[in-house]
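Source file: start-v3.txt (compact mmCIF, C-alpha atoms and all ligand atoms)
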# COMPACT_ATOMS: atom_id res chain seq x y z
CA MET Q 359 48.98 -73.39 8.24
CA GLN Q 360 47.10 -76.09 10.20
CA PHE Q 361 48.08 -76.62 13.76
CA SER Q 362 49.18 -80.29 14.09
CA MET Q 363 48.49 -82.42 17.19
CA GLY Q 364 52.19 -82.69 17.84
CA ASN Q 365 52.55 -78.95 17.88
CA GLY Q 366 49.40 -78.68 20.03
CA ARG Q 367 50.81 -80.92 22.74
CA PHE Q 368 54.12 -79.15 22.55
CA LEU Q 369 52.37 -75.79 22.88
CA ARG Q 370 50.26 -76.96 25.80
CA ARG Q 371 53.34 -78.33 27.58
CA LYS Q 372 55.10 -75.02 26.91
CA ILE Q 373 52.18 -72.99 28.29
CA GLU Q 374 51.95 -75.22 31.38
CA SER Q 375 55.66 -74.99 32.11
CA SER Q 376 55.61 -71.26 31.38
CA VAL Q 377 52.74 -70.66 33.79
CA ILE Q 378 54.65 -72.50 36.52
CA LEU Q 379 57.77 -70.51 35.68
CA VAL Q 380 55.88 -67.24 35.90
CA ILE Q 381 54.18 -68.13 39.17
CA LEU Q 382 57.49 -69.16 40.73
CA SER Q 383 59.28 -66.01 39.72
CA LYS Q 384 58.89 -62.58 41.25
CA ILE Q 385 60.01 -60.87 38.04
CA TRP Q 386 56.91 -61.76 36.06
CA VAL Q 387 57.26 -59.13 33.42
CA ILE Q 388 60.74 -60.21 32.40
CA ASN Q 389 59.65 -63.84 32.30
CA VAL Q 390 56.65 -63.06 30.16
CA LEU Q 391 58.92 -61.39 27.65
CA LYS Q 392 61.39 -64.29 27.75
CA ILE Q 393 58.58 -66.78 27.22
CA ALA Q 394 57.18 -64.74 24.35
CA ARG Q 395 60.57 -64.76 22.68
CA THR Q 396 60.93 -68.54 23.13
CA PHE Q 397 57.57 -69.04 21.52
CA ALA Q 398 58.39 -66.78 18.63
CA VAL Q 399 61.56 -68.70 17.89
CA ASP Q 400 60.30 -72.24 18.50
CA LEU Q 401 56.91 -72.18 16.90
CA ILE Q 402 55.03 -70.85 13.97
CA ILE Q 403 51.72 -70.47 15.72
CA GLU Q 404 48.47 -70.11 13.90
CA LYS Q 405 47.07 -66.55 13.85
CA ASP Q 406 44.27 -67.19 16.37
CA MET Q 407 46.62 -69.05 18.66
CA ARG Q 408 49.05 -66.14 18.55
CA ARG Q 409 46.27 -63.73 19.43
CA LEU Q 410 45.23 -65.94 22.35
CA PHE Q 411 48.80 -66.07 23.52
CA SER Q 412 49.11 -62.26 23.36
CA VAL Q 413 46.00 -61.95 25.54
CA PHE Q 414 47.53 -64.46 27.97
CA CYS Q 415 50.76 -62.37 28.09
CA MET Q 416 48.83 -59.11 28.58
CA MET Q 417 46.83 -60.62 31.45
CA LEU Q 418 49.99 -61.80 33.19
CA LEU Q 419 51.58 -58.40 32.64
CA ALA Q 420 48.58 -56.56 34.08
CA VAL Q 421 48.41 -58.84 37.11
CA SER Q 422 52.13 -58.64 37.74
CA ILE Q 423 52.24 -54.84 37.68
CA SER Q 424 49.11 -54.18 39.73
CA ALA Q 425 50.02 -56.78 42.34
CA LYS Q 426 53.32 -55.29 43.39
CA THR Q 427 52.25 -52.50 45.71
CA LEU Q 428 49.57 -52.50 48.40
CA VAL Q 429 48.13 -49.30 49.82
CA VAL Q 430 46.49 -50.08 53.16
CA TYR Q 431 44.61 -47.35 54.98
CA TYR Q 432 42.14 -46.45 57.66
CA SER Q 433 40.00 -43.34 57.51
CA TYR Q 434 37.37 -42.12 59.95
CA THR Q 435 36.43 -38.80 58.35
CA ASN Q 436 37.68 -39.63 54.83
CA ASN Q 437 40.78 -37.42 54.70
CA CYS Q 438 42.98 -40.50 54.35
CA HIS Q 439 40.54 -41.84 51.80
CA GLU Q 440 41.07 -38.71 49.69
CA ILE Q 441 44.83 -39.02 50.12
CA VAL Q 442 44.67 -42.61 48.87
CA THR Q 443 42.60 -41.54 45.87
CA SER Q 444 45.31 -39.01 44.93
CA LEU Q 445 48.07 -41.53 45.58
CA THR Q 446 46.56 -44.28 43.45
CA SER Q 447 46.09 -41.92 40.52
CA LEU Q 448 49.91 -41.78 40.48
CA ILE Q 449 50.99 -45.36 41.23
CA GLN Q 450 49.61 -48.74 40.35
CA ALA Q 451 48.58 -50.48 43.53
CA ASP Q 452 46.00 -52.65 45.17
CA VAL Q 453 44.07 -50.82 47.86
CA MET Q 454 42.66 -52.12 51.13
CA ARG Q 455 40.61 -50.05 53.57
CA ILE Q 456 40.61 -51.15 57.19
CA GLU Q 457 37.31 -50.80 59.04
CA PRO Q 458 36.54 -51.16 62.75
CA ALA Q 459 34.35 -54.12 63.74
CA ASP Q 460 31.97 -51.62 65.34
CA LYS Q 461 31.27 -48.95 62.75
CA THR Q 462 28.88 -47.05 65.02
CA GLN Q 463 31.61 -45.68 67.30
CA LYS Q 464 31.79 -41.88 67.53
CA TYR Q 465 35.45 -41.42 68.41
CA GLU Q 466 35.12 -37.67 68.71
CA ALA Q 467 32.17 -37.74 71.14
CA ASN Q 468 32.68 -36.36 74.68
CA ASN Q 469 35.89 -34.61 73.78
CA TYR Q 470 37.20 -37.64 71.89
CA ALA Q 471 36.70 -39.89 74.92
CA ILE Q 472 36.40 -43.17 72.97
CA GLY Q 473 39.42 -42.47 70.80
CA THR Q 474 41.42 -41.56 73.89
CA ALA Q 475 40.33 -44.70 75.76
CA LEU Q 476 41.34 -46.93 72.84
CA LEU Q 477 44.80 -45.40 72.68
CA ASN Q 478 45.28 -45.58 76.45
CA ALA Q 479 44.44 -49.30 76.41
CA ILE Q 480 47.12 -49.92 73.75
CA LYS Q 481 49.66 -47.82 75.62
CA ALA Q 482 49.04 -49.75 78.84
CA ALA Q 483 49.77 -53.16 77.25
CA PRO Q 484 51.08 -52.81 73.69
CA ASN Q 485 52.04 -56.48 73.39
CA GLU Q 486 48.59 -57.84 74.29
CA ALA Q 487 46.18 -58.58 71.42
CA ALA Q 488 43.29 -57.75 73.74
CA SER Q 489 44.50 -54.13 74.01
CA TYR Q 490 43.66 -53.44 70.38
CA PRO Q 491 40.13 -52.58 69.18
CA ALA Q 492 38.57 -55.24 66.95
CA ILE Q 493 38.63 -54.63 63.21
CA ALA Q 494 36.33 -56.04 60.53
CA PRO Q 495 37.72 -58.96 58.49
CA VAL Q 496 40.19 -57.61 55.94
CA SER Q 497 39.83 -58.24 52.21
CA ILE Q 498 43.48 -59.26 51.73
CA THR Q 499 44.90 -61.59 54.34
CA ASP Q 500 47.98 -62.78 52.45
CA LEU Q 501 50.52 -60.00 51.99
CA SER Q 502 53.20 -62.24 50.48
CA GLN Q 503 52.40 -61.10 46.91
CA TYR Q 504 53.42 -57.50 47.67
CA GLU Q 505 56.91 -56.11 47.67
CA ASN Q 506 55.90 -52.52 48.54
CA ILE Q 507 53.34 -51.51 51.15
CA VAL Q 508 52.19 -47.94 51.72
CA ILE Q 509 50.40 -47.36 55.03
CA VAL Q 510 48.08 -44.35 55.18
CA THR Q 511 46.72 -43.49 58.61
CA PRO Q 512 45.15 -40.67 60.61
CA LEU Q 513 46.87 -39.32 63.71
CA TRP Q 514 44.95 -39.53 66.97
CA TRP Q 515 46.31 -37.69 69.98
CA SER Q 516 49.75 -37.65 68.38
CA GLN Q 517 49.68 -41.43 67.94
CA MET Q 518 48.65 -43.78 65.15
CA ALA Q 519 44.85 -44.18 64.96
CA ALA Q 520 43.95 -47.21 67.08
CA ILE Q 521 42.19 -49.06 64.24
CA MET Q 522 45.30 -48.99 62.03
CA GLN Q 523 47.37 -50.10 65.02
CA THR Q 524 45.18 -53.21 65.25
CA PHE Q 525 45.80 -54.06 61.61
CA LEU Q 526 49.56 -53.67 61.99
CA PHE Q 527 49.55 -55.65 65.26
CA ASN Q 528 47.76 -58.52 63.46
CA TYR Q 529 49.51 -58.40 60.09
CA GLY Q 530 52.79 -56.54 60.72
CA THR Q 531 54.82 -59.76 60.86
CA GLN Q 532 53.73 -60.54 57.29
CA MET Q 533 55.51 -57.35 56.21
CA THR Q 534 58.94 -58.67 57.21
CA GLY Q 535 61.46 -58.04 54.43
CA LYS Q 536 59.16 -55.68 52.52
CA ASN Q 537 59.55 -52.04 51.54
CA VAL Q 538 57.20 -49.90 53.56
CA ALA Q 539 56.20 -46.24 53.35
CA LEU Q 540 53.97 -44.17 55.62
CA ILE Q 541 51.59 -41.27 55.05
CA VAL Q 542 50.06 -39.61 58.10
CA SER Q 543 47.10 -37.25 58.10
CA SER Q 544 46.58 -34.97 61.09
CA HIS Q 545 44.80 -31.73 61.77
CA SER Q 546 47.98 -29.99 62.83
CA SER Q 547 50.01 -32.17 65.21
CA GLY Q 548 53.44 -33.42 64.14
CA ILE Q 549 53.78 -37.09 63.28
CA SER Q 550 56.82 -38.38 65.17
CA GLY Q 551 54.58 -40.37 67.58
CA VAL Q 552 52.89 -42.11 64.63
CA VAL Q 553 56.26 -42.95 63.10
CA ALA Q 554 57.30 -44.46 66.46
CA ASP Q 555 54.08 -46.54 66.56
CA ALA Q 556 54.77 -47.79 63.03
CA GLU Q 557 58.32 -48.74 63.97
CA ARG Q 558 57.02 -50.64 67.03
CA LEU Q 559 54.38 -52.55 65.06
CA VAL Q 560 56.21 -53.23 61.78
CA LYS Q 561 59.68 -54.64 62.29
CA ASN Q 562 62.41 -55.99 60.01
CA ILE Q 563 61.24 -54.02 57.04
CA THR Q 564 62.96 -51.40 54.88
CA TRP Q 565 61.50 -47.93 55.12
CA MET Q 566 61.30 -46.61 51.58
CA GLY Q 567 61.94 -43.06 52.74
CA ASP Q 568 60.69 -40.44 55.18
CA ALA Q 569 57.02 -40.48 56.12
CA LEU Q 570 54.79 -37.94 54.40
CA TRP Q 571 52.78 -35.66 56.69
CA ILE Q 572 49.62 -34.11 55.31
CA ASN Q 573 47.75 -31.74 57.60
CA ALA Q 574 44.57 -29.67 57.42
CA SER Q 575 46.32 -26.63 55.95
CA ASN Q 576 47.85 -28.52 53.03
CA HIS Q 577 45.32 -31.33 52.53
CA SER Q 578 43.88 -29.56 49.47
CA ASN Q 579 47.38 -29.60 47.97
CA ARG Q 580 47.83 -33.33 48.64
CA ALA Q 581 48.27 -34.33 44.98
CA SER Q 582 51.35 -32.10 44.61
CA LEU Q 583 52.72 -33.20 47.99
CA ILE Q 584 52.41 -36.85 47.01
CA GLN Q 585 53.84 -36.19 43.56
CA ASN Q 586 56.89 -34.59 45.21
CA TRP Q 587 57.23 -37.36 47.79
CA LEU Q 588 56.98 -40.40 45.52
CA PRO Q 589 60.28 -39.85 43.69
CA THR Q 590 62.09 -39.76 47.05
CA LEU Q 591 61.00 -43.33 47.84
CA ASN Q 592 62.90 -46.48 47.00
CA PHE Q 593 60.27 -48.83 45.66
CA ALA Q 594 61.43 -52.44 45.12
CA GLU Q 595 60.96 -51.74 41.47
CA LYS Q 596 60.22 -48.20 40.35
CA GLN Q 597 56.57 -47.68 39.55
CA THR Q 598 55.65 -47.00 35.95
CA THR Q 599 54.87 -43.39 36.83
CA MET Q 600 58.34 -42.86 38.24
CA ASN Q 601 59.84 -42.38 34.80
CA LYS Q 602 57.66 -39.38 33.99
CA ILE Q 603 58.64 -35.73 34.05
CA TYR Q 604 56.67 -32.59 33.28
CA ILE Q 605 57.82 -29.88 30.89
CA THR Q 606 56.18 -26.48 31.27
CA ILE Q 607 56.55 -23.94 28.48
CA ASP Q 608 56.48 -20.25 29.49
CA GLY Q 609 54.43 -21.25 32.54
CA GLU Q 610 51.43 -21.76 30.29
CA GLN Q 611 51.25 -25.33 29.04
CA THR Q 612 52.61 -28.49 30.59
CA LEU Q 613 53.70 -31.53 28.59
CA THR Q 614 54.20 -34.99 30.07
CA ALA Q 615 57.28 -36.94 29.01
CA THR Q 616 58.44 -40.51 29.53
CA LEU Q 617 62.12 -40.82 30.32
CA ALA Q 618 64.48 -43.14 28.44
CA ASN Q 619 66.03 -46.07 30.28
CA ASN Q 620 69.63 -44.86 30.53
CA THR Q 621 71.98 -43.27 33.06
CA SER Q 622 71.49 -39.81 31.51
CA ALA Q 623 67.74 -39.84 32.14
CA GLN Q 624 68.28 -41.29 35.62
CA ALA Q 625 70.71 -38.47 36.44
CA LEU Q 626 68.18 -35.91 35.25
CA MET Q 627 65.52 -37.56 37.45
CA GLU Q 628 67.88 -37.38 40.45
CA ALA Q 629 68.53 -33.68 39.77
CA LEU Q 630 64.78 -32.99 39.53
CA LYS Q 631 64.23 -34.64 42.92
CA GLN Q 632 66.31 -31.79 44.35
CA ALA Q 633 64.63 -28.96 42.44
CA PRO Q 634 62.92 -28.19 39.13
CA ILE Q 635 65.23 -26.97 36.34
CA THR Q 636 64.35 -23.85 34.34
CA TYR Q 637 66.23 -22.83 31.20
CA GLU Q 638 65.88 -20.64 28.13
CA ALA Q 639 65.58 -22.40 24.77
CA HIS Q 640 65.83 -21.03 21.24
CA ASP Q 641 64.97 -22.38 17.80
CA TYR Q 642 67.70 -24.21 15.95
CA GLY Q 643 67.64 -25.66 12.43
CA ASN Q 644 63.87 -25.46 12.08
CA PHE Q 645 63.60 -28.73 14.03
CA GLU Q 646 64.16 -28.07 17.76
CA LYS Q 647 64.19 -25.73 20.73
CA VAL Q 648 67.54 -26.03 22.48
CA GLY Q 649 69.05 -24.38 25.53
CA PRO Q 650 71.71 -24.78 28.26
CA LEU Q 651 70.73 -26.59 31.47
CA GLU Q 652 73.63 -25.00 33.37
CA GLN Q 653 74.60 -28.42 34.73
CA SER Q 654 76.11 -31.50 33.09
CA PHE Q 655 74.66 -34.98 32.79
CA PRO Q 656 76.31 -38.25 31.69
CA GLU Q 657 76.13 -38.88 27.94
CA ASN Q 658 74.98 -42.08 26.21
CA ASN Q 659 75.60 -40.91 22.68
CA GLU Q 660 74.35 -42.81 19.66
CA SER Q 661 73.26 -41.94 16.15
CA ILE Q 662 69.60 -40.94 16.34
CA THR Q 663 67.14 -39.74 13.74
CA THR Q 664 64.76 -37.70 15.84
CA GLU Q 665 60.98 -37.63 15.70
CA PRO Q 666 58.77 -34.78 16.88
CA GLY Q 667 58.50 -35.06 20.67
CA ASP Q 668 61.99 -36.49 21.20
CA ILE Q 669 63.94 -35.03 24.12
CA ILE Q 670 67.67 -35.08 23.47
CA LEU Q 671 70.74 -34.25 25.54
CA TYR Q 672 73.38 -32.51 23.44
CA GLN Q 673 77.00 -32.34 24.63
CA GLY Q 674 75.92 -33.28 28.15
CA SER Q 675 74.44 -29.96 29.15
CA ASN Q 676 72.00 -28.76 26.47
CA LEU Q 677 68.46 -30.02 26.23
CA CYS Q 678 66.67 -30.17 22.88
CA LEU Q 679 62.91 -30.51 22.46
CA TYR Q 680 62.25 -31.71 18.93
CA TYR Q 681 59.34 -30.70 16.75
CA ASP Q 682 60.88 -32.08 13.53
CA THR Q 683 63.51 -34.56 12.37
CA ASN Q 684 67.29 -34.40 12.53
CA THR Q 685 70.02 -37.04 12.48
CA TRP Q 686 72.99 -36.64 14.81
CA THR Q 687 75.00 -38.43 17.48
CA PHE Q 688 73.62 -37.47 20.85
CA THR Q 689 71.77 -38.85 23.88
CA SER Q 690 68.12 -39.82 24.14
CA ILE Q 691 66.51 -38.48 27.32
CA GLY Q 692 62.89 -39.33 26.61
CA LYS Q 693 59.79 -38.56 24.64
CA ILE Q 694 56.93 -36.09 25.02
CA GLU Q 695 53.67 -38.04 25.23
CA GLY Q 696 50.60 -37.84 23.07
CA LYS Q 697 51.16 -34.70 20.97
CA THR Q 698 51.05 -34.41 17.19
CA GLN Q 699 53.77 -32.52 15.37
CA ALA Q 700 51.37 -29.62 14.76
CA GLU Q 701 50.50 -29.46 18.49
CA LEU Q 702 54.18 -29.57 19.44
CA LYS Q 703 55.03 -26.76 17.05
CA GLN Q 704 52.28 -24.65 18.54
CA ILE Q 705 53.14 -25.41 22.21
CA LEU Q 706 56.91 -25.04 21.68
CA LYS Q 707 56.31 -21.84 19.66
CA ALA Q 708 58.36 -23.17 16.75
CA GLY Q 709 60.15 -20.38 14.88
CA GLN Q 710 58.87 -17.70 17.28
CA GLY Q 711 61.99 -17.10 19.39
CA ASN Q 712 62.97 -17.92 22.97
CA ILE Q 713 60.83 -19.88 25.40
CA THR Q 714 61.27 -20.59 29.11
CA VAL Q 715 61.25 -24.32 29.80
CA THR Q 716 60.75 -25.78 33.28
CA LEU Q 717 61.45 -29.46 33.90
CA SER Q 718 59.77 -30.78 37.01
CA LEU Q 719 58.42 -33.86 38.74
CA ILE Q 720 55.28 -31.86 39.49
CA ASN Q 721 52.56 -31.12 37.01
CA THR Q 722 52.39 -27.36 37.40
CA THR Q 723 49.12 -26.95 35.49
CA GLY Q 724 47.25 -27.66 38.75
CA ILE Q 725 49.21 -25.04 40.65
CA SER Q 726 47.06 -22.14 39.55
CA ASN Q 727 44.35 -23.48 41.86
CA VAL Q 728 46.53 -23.48 44.96
CA ARG Q 729 45.07 -21.40 47.73
CA SER Q 730 47.45 -19.96 50.23
CA ASN Q 731 47.28 -17.96 53.41
CA ALA Q 732 50.71 -16.66 52.59
CA GLU Q 733 51.55 -13.00 52.84
CA ASN Q 734 51.04 -10.96 49.72
CA ASP Q 735 53.92 -10.65 47.28
CA VAL Q 736 55.98 -13.37 48.92
CA HIS Q 737 57.22 -16.06 46.55
CA TYR Q 738 57.06 -19.73 47.50
CA SER Q 739 58.83 -22.55 45.66
CA LEU Q 740 56.86 -25.51 44.35
CA ASN Q 741 58.00 -27.37 47.46
CA GLY Q 742 56.25 -24.75 49.60
CA GLN Q 743 59.45 -23.06 50.79
CA ARG Q 744 59.61 -19.30 51.04
CA ALA Q 745 61.89 -17.91 48.34
CA ASN Q 746 63.41 -14.67 49.58
CA SER Q 747 65.11 -13.62 46.35
CA PRO Q 748 63.50 -15.80 43.69
CA SER Q 749 65.55 -16.21 40.52
CA LYS Q 750 64.56 -18.21 37.43
CA GLY Q 751 61.74 -20.70 37.75
CA ILE Q 752 58.11 -21.28 38.66
CA PHE Q 753 56.88 -19.91 41.98
CA ILE Q 754 53.62 -19.38 43.82
CA ARG Q 755 52.73 -15.80 44.73
CA ASN Q 756 49.39 -14.72 46.21
CA GLY Q 757 48.10 -18.23 45.42
CA ASN Q 758 48.96 -17.90 41.73
CA LYS Q 759 51.64 -19.57 39.67
CA VAL Q 760 54.24 -17.10 38.37
CA VAL Q 761 57.18 -17.67 36.05
CA ILE Q 762 60.34 -15.69 36.63
CA LYS Q 763 62.57 -15.59 33.58
C1 LIG R 801 40.15 -39.52 68.14
C2 LIG R 801 40.83 -38.46 67.34
C3 LIG R 801 41.94 -37.82 67.83
C4 LIG R 801 42.60 -36.86 67.09
N1 LIG R 801 43.73 -36.26 67.60
C5 LIG R 801 44.39 -35.33 66.87
C6 LIG R 801 45.55 -34.68 67.39
O1 LIG R 801 46.02 -34.94 68.48
N2 LIG R 801 46.18 -33.75 66.62
C7 LIG R 801 45.74 -33.44 65.37
O2 LIG R 801 46.34 -32.60 64.73
N3 LIG R 801 44.64 -34.04 64.85
C8 LIG R 801 43.95 -34.97 65.57
N4 LIG R 801 42.83 -35.56 65.06
C9 LIG R 801 42.38 -35.19 63.73
C10 LIG R 801 42.80 -36.17 62.64
O3 LIG R 801 44.13 -36.56 62.78
C11 LIG R 801 42.64 -35.55 61.27
O4 LIG R 801 41.36 -34.96 61.13
C12 LIG R 801 42.85 -36.55 60.15
O5 LIG R 801 42.94 -35.88 58.93
C13 LIG R 801 41.70 -37.54 60.08
O6 LIG R 801 41.88 -38.45 59.02
P1 LIG R 801 40.61 -39.26 58.47
O7 LIG R 801 39.66 -38.23 57.92
O8 LIG R 801 41.17 -40.11 57.38
O9 LIG R 801 40.03 -40.03 59.58
C14 LIG R 801 42.14 -36.52 65.80
C15 LIG R 801 41.00 -37.16 65.31
C16 LIG R 801 40.34 -38.10 66.07
C17 LIG R 801 39.13 -38.78 65.52

What does the file become when written as C-alpha cells?
Amino acid sequence: MQFSMGNGRFLRRKIESSVILVILSKIWVINVLKIARTFAVDLIIEKDMRRLFSVFCMMLLAVSISAKTLVVYYSYTNNCHEIVTSLTSLIQADVMRIEPADKTQKYEANNYAIGTALLNAIKAAPNEAASYPAIAPVSITDLSQYENIVIVTPLWWSQMAAIMQTFLFNYGTQMTGKNVALIVSSHSSGISGVVADAERLVKNITWMGDALWINASNHSNRASLIQNWLPTLNFAEKQTTMNKIYITIDGEQTLTATLANNTSAQALMEALKQAPITYEAHDYGNFEKVGPLEQSFPENNESITTEPGDIILYQGSNLCLYYDTNTWTFTSIGKIEGKTQAELKQILKAGQGNITVTLSLINTTGISNVRSNAENDVHYSLNGQRANSPSKGIFIRNGNKVVIK
C-alpha cells in the first residue's frame, strides 16, 4: 500500500507528540509500548515505515533503561574501578569516574601525609567549599535523569576519600529525592565513618539499603559479594538482572533462569534473599524433575502447556523443572535461559533418578575459584558465614565448593 500525504502528516504529528510524551514521562518503557499499540491500531503503516518505527522504539527503550542508574566512583589504586567493573556486569548503569584536578598527587607518600592533610582540612571546615580538594570537570553534570545512584569510594583513614567528598559536596544537592546506595573499599578498616560522611554530604535521599563493604581479604570475591548485595537494595525500578535466579544441579552445572512477573516468583525471590534453597528432585511423567521445597509459596494457577525450560510451582510447595511438555493447571515461576531440550535433558539427568537442585541468587559456578584462609574442613555458607553443622546445600570447604545432600 502507498503511504498517502494525509497519513504522512498524521504519522509525523503522532511521532512528534509521542516524542514529547516520552520525554515528559519518567516511565519511558511503558509509554513506548502504549505508543506502539496506538500506532498499530490507528495506522496501517508501510513495511519500511514500520521497521523505522521499531528502530525508533528500540532506541528509546535502550536509552530509557541505561539512563536510570548512575554509578559514580573514585579510585586511586583501581580497587574501586574493579568493583565498578563487576557491578556494571550485573546492572545496567551509566558510569562516571571522578578524578582529582591534580593527578600527580601521591597520597600515600610520607606515611600518607597528603591524604591525611586533605581529610584534616575537610574536618576543620566541612561546610566550606575551599576545604575540599579540586576535582577535574565531571563528564555528567546533570543528575536529574537518574533515579538510582550508586556511590563507590575508597576509605581513607576511616573516612570517605577526600576526592569523592568533593564530588558529593558539589553535586550532593542534585541527589535530593533519589535512591542512593554506597559501596566502600578499604584495606581492613570498618566503614561507619564513610557512611557518616555520605550522610553528611548527601541529604534528603532514600538509602536503598545497607552499604556494602569490600576489603582486601574479600576483594577477589567481589562479584559474589555484589551479587548477594544487589537483591537487598530497593531500586526505584528493579534492574533487569534482578529477576534472575541460578539453578545448580548436583553442584556441577548452573543454569540461569528469568523469573515470571507474579507474586509467586516474587515470594521465591524474597526467600532466596534470605538463603539459597536446596531440594531433591525426581523424574515424573517423562517430562519434568519435581521435588518438595519444604516451604510454601503463593499460587497463581492457570492452565499451562509447558515447554522445555519452564519452571513451575505445583501445589504451592513443589518445584518442577521441565524438559518436555505437559498441560496442567499450576503456577509459572520462570524459564531457564538459552538451553535446547537436548541440553536440558542432559543437565537435568532426565530419566536417571534423583538430582540435588540448589536455587540461588549467586552463580555458584564461579565459587570453585574462591580462595580462603579458612581453617581446613570448616564449612562456610555462600554468604561467608561459618556453618557449624552444615545440612543440605552448597558450601565452601578448603576453598572448594561442596554439595551436601
Ligand atoms: C590516603 C589513604 C588512606 C588510607 N587509609 C586507610 C585506612 O585507614 N584503613 C584501611 O583499611 N585502608 C586505608 N587505605 C587503603 C584503601 O582504603 C584501600 O586500598 C582501597 O581499596 C583503595 O581503593 P582504590 O584502589 O579504589 O583507590 C588508605 C588508602 C589511602 C590512599

Let me know the centre plus edge lengths, in Å and rounded to one decimal, of a box with edges along x, y and z that contains all listed atoms of ligand LIG 801 (chain R) and is padded by 4 Å on every side, as AutoDock Vina command-line options.
--center_x 42.7 --center_y -36.4 --center_z 62.9 --size_x 15.2 --size_y 15.5 --size_z 19.1

Using all atoms listed in the file, give me every residue within 9 Å of (61.2, -39.3, 43.5) in file coordinates, as a PyMOL selection string. chain Q and resi 585-592+600+627-628+630-631+719

Proximity to ligand LIG 801 (chain R) - best of Q:Tyr504, Q:Trp514, Q:Tyr431, Q:Tyr529, all atoms listed in the file: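 When distances to ligand LIG 801 (chain R) are compared using all atoms listed in the file, the smallest one comes from Q:Trp514.
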
Write out, as a tab-separated table, each residue of chain Q that has an atom at most 10 Å from ligand LIG 801 (chain R), together with the closest pair of atoms and their distance in Å to one decimal, counting only C-alpha atoms and all ligand atoms, rows going by chain and rising number.
residue	atom	partner	partner_atom	distance
Q:Tyr431	CA	R:LIG801	O8	8.4
Q:Tyr432	CA	R:LIG801	O8	6.4
Q:Ser433	CA	R:LIG801	O8	3.4
Q:Tyr434	CA	R:LIG801	O9	3.4
Q:Thr435	CA	R:LIG801	O7	3.3
Q:Asn436	CA	R:LIG801	O7	3.9
Q:Asn437	CA	R:LIG801	O7	3.5
Q:Cys438	CA	R:LIG801	O8	3.6
Q:His439	CA	R:LIG801	O8	5.9
Q:Glu440	CA	R:LIG801	O8	7.8
Q:Ile441	CA	R:LIG801	O8	8.2
Q:Val442	CA	R:LIG801	O8	9.5
Q:Lys464	CA	R:LIG801	C17	8.2
Q:Tyr465	CA	R:LIG801	C1	5.1
Q:Glu466	CA	R:LIG801	C17	5.2
Q:Ala467	CA	R:LIG801	C1	8.7
Q:Asn469	CA	R:LIG801	C1	8.6
Q:Tyr470	CA	R:LIG801	C1	5.1
Q:Ala471	CA	R:LIG801	C1	7.6
Q:Ile472	CA	R:LIG801	C1	7.1
Q:Gly473	CA	R:LIG801	C1	4.0
Q:Thr474	CA	R:LIG801	C1	6.2
Q:Ala475	CA	R:LIG801	C1	9.2
Q:Leu476	CA	R:LIG801	C1	8.9
Q:Leu477	CA	R:LIG801	C1	8.8
Q:Val510	CA	R:LIG801	O8	8.4
Q:Thr511	CA	R:LIG801	O8	6.6
Q:Pro512	CA	R:LIG801	O6	4.3
Q:Leu513	CA	R:LIG801	O3	4.0
Q:Trp514	CA	R:LIG801	N1	3.5
Q:Trp515	CA	R:LIG801	O1	3.1
Q:Ser516	CA	R:LIG801	O1	4.6
Q:Gln517	CA	R:LIG801	O1	7.5
Q:Met518	CA	R:LIG801	O3	8.8
Q:Ala519	CA	R:LIG801	C1	7.3
Q:Ala520	CA	R:LIG801	C1	8.6
Q:Val542	CA	R:LIG801	O5	8.1
Q:Ser543	CA	R:LIG801	O5	4.5
Q:Ser544	CA	R:LIG801	O3	3.4
Q:His545	CA	R:LIG801	O2	3.4
Q:Ser546	CA	R:LIG801	O2	3.6
Q:Ser547	CA	R:LIG801	O2	3.7
Q:Gly548	CA	R:LIG801	O2	7.2
Q:Ile549	CA	R:LIG801	O2	8.8
Q:Ile572	CA	R:LIG801	O5	7.8
Q:Asn573	CA	R:LIG801	O5	6.5
Q:Ala574	CA	R:LIG801	O5	6.6
Q:His577	CA	R:LIG801	O5	8.2

Would you compute the distance between atom CA of Ser444 of chain Q and atom CA of Asn579 of chain Q? Give it in Å to one decimal.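 Taking atom CA of Ser444 of chain Q as the start and atom CA of Asn579 of chain Q as the end point, the length is 10.1 Å.
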
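When atom CA of Glu660 of chain Q is paired with atom CA of Thr687 of chain Q, their separation reads 4.9 Å.
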
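Remark: for Glu657 of chain Q, the closest of the candidate residues Q:Leu540, Q:Ala623, Q:Ile669, Q:Ile607 is Q:Ala623 (distances computed over all atoms listed in the file).
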
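Using all atoms listed in the file, the contacts of Thr606 of chain Q at a cut-off of 7 Å, with sequence neighbours closer than 5 positions omitted, comprise Gln611, Thr612, Leu613, Val715, Thr716 and Leu717 of chain Q.
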
How about saving the chosen residues, C-alpha atoms kept, as an mmCIF file, in the frame of the given file?
data_model
loop_
_atom_site.group_PDB
_atom_site.id
_atom_site.type_symbol
_atom_site.label_atom_id
_atom_site.label_comp_id
_atom_site.auth_asym_id
_atom_site.auth_seq_id
_atom_site.Cartn_x
_atom_site.Cartn_y
_atom_site.Cartn_z
ATOM 1 C CA GLN Q 611 51.250 -25.330 29.040
ATOM 2 C CA THR Q 612 52.610 -28.490 30.590
ATOM 3 C CA LEU Q 613 53.700 -31.530 28.590
ATOM 4 C CA VAL Q 715 61.250 -24.320 29.800
ATOM 5 C CA THR Q 716 60.750 -25.780 33.280
ATOM 6 C CA LEU Q 717 61.450 -29.460 33.900
#

Just the number, please: distance in Å from atom CA of Lys707 of chain Q to atom CA of Ser661 of chain Q, one decimal.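 Distance between the two atoms: 26.5 Å.
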
From the list Q:Leu626, Q:Ile713, Q:Val453, Q:Val496, which residue is nearest Asn528 of chain Q when using only C-alpha atoms? Q:Val496

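Taking all atoms listed in the file into account, Asn644 of chain Q lies nearest to Q:Thr683 out of the set Q:Thr683, Q:Asn468, Q:Thr621, Q:Ser575.
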
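With only C-alpha atoms as the atoms that count, the minimum distance from Ile541 of chain Q to the choices Q:Leu445, Q:Ala594, Q:Ile480, Q:Leu428 is reached by Q:Leu445.
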
I need the residue nearest Asn684 of chain Q from this list: Q:Thr462, Q:Gln532, Q:Gln710, Q:Thr663. Use only C-alpha atoms for the distance.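 With only C-alpha atoms as the atom set, the closest residue is Q:Thr663.
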
For Asn537 of chain Q: contacts at 7 Å, all atoms listed in the file, fewer than 3 positions along chain excluded, given as a PyMOL selection string: chain Q and resi 505-507+563-566+593-594
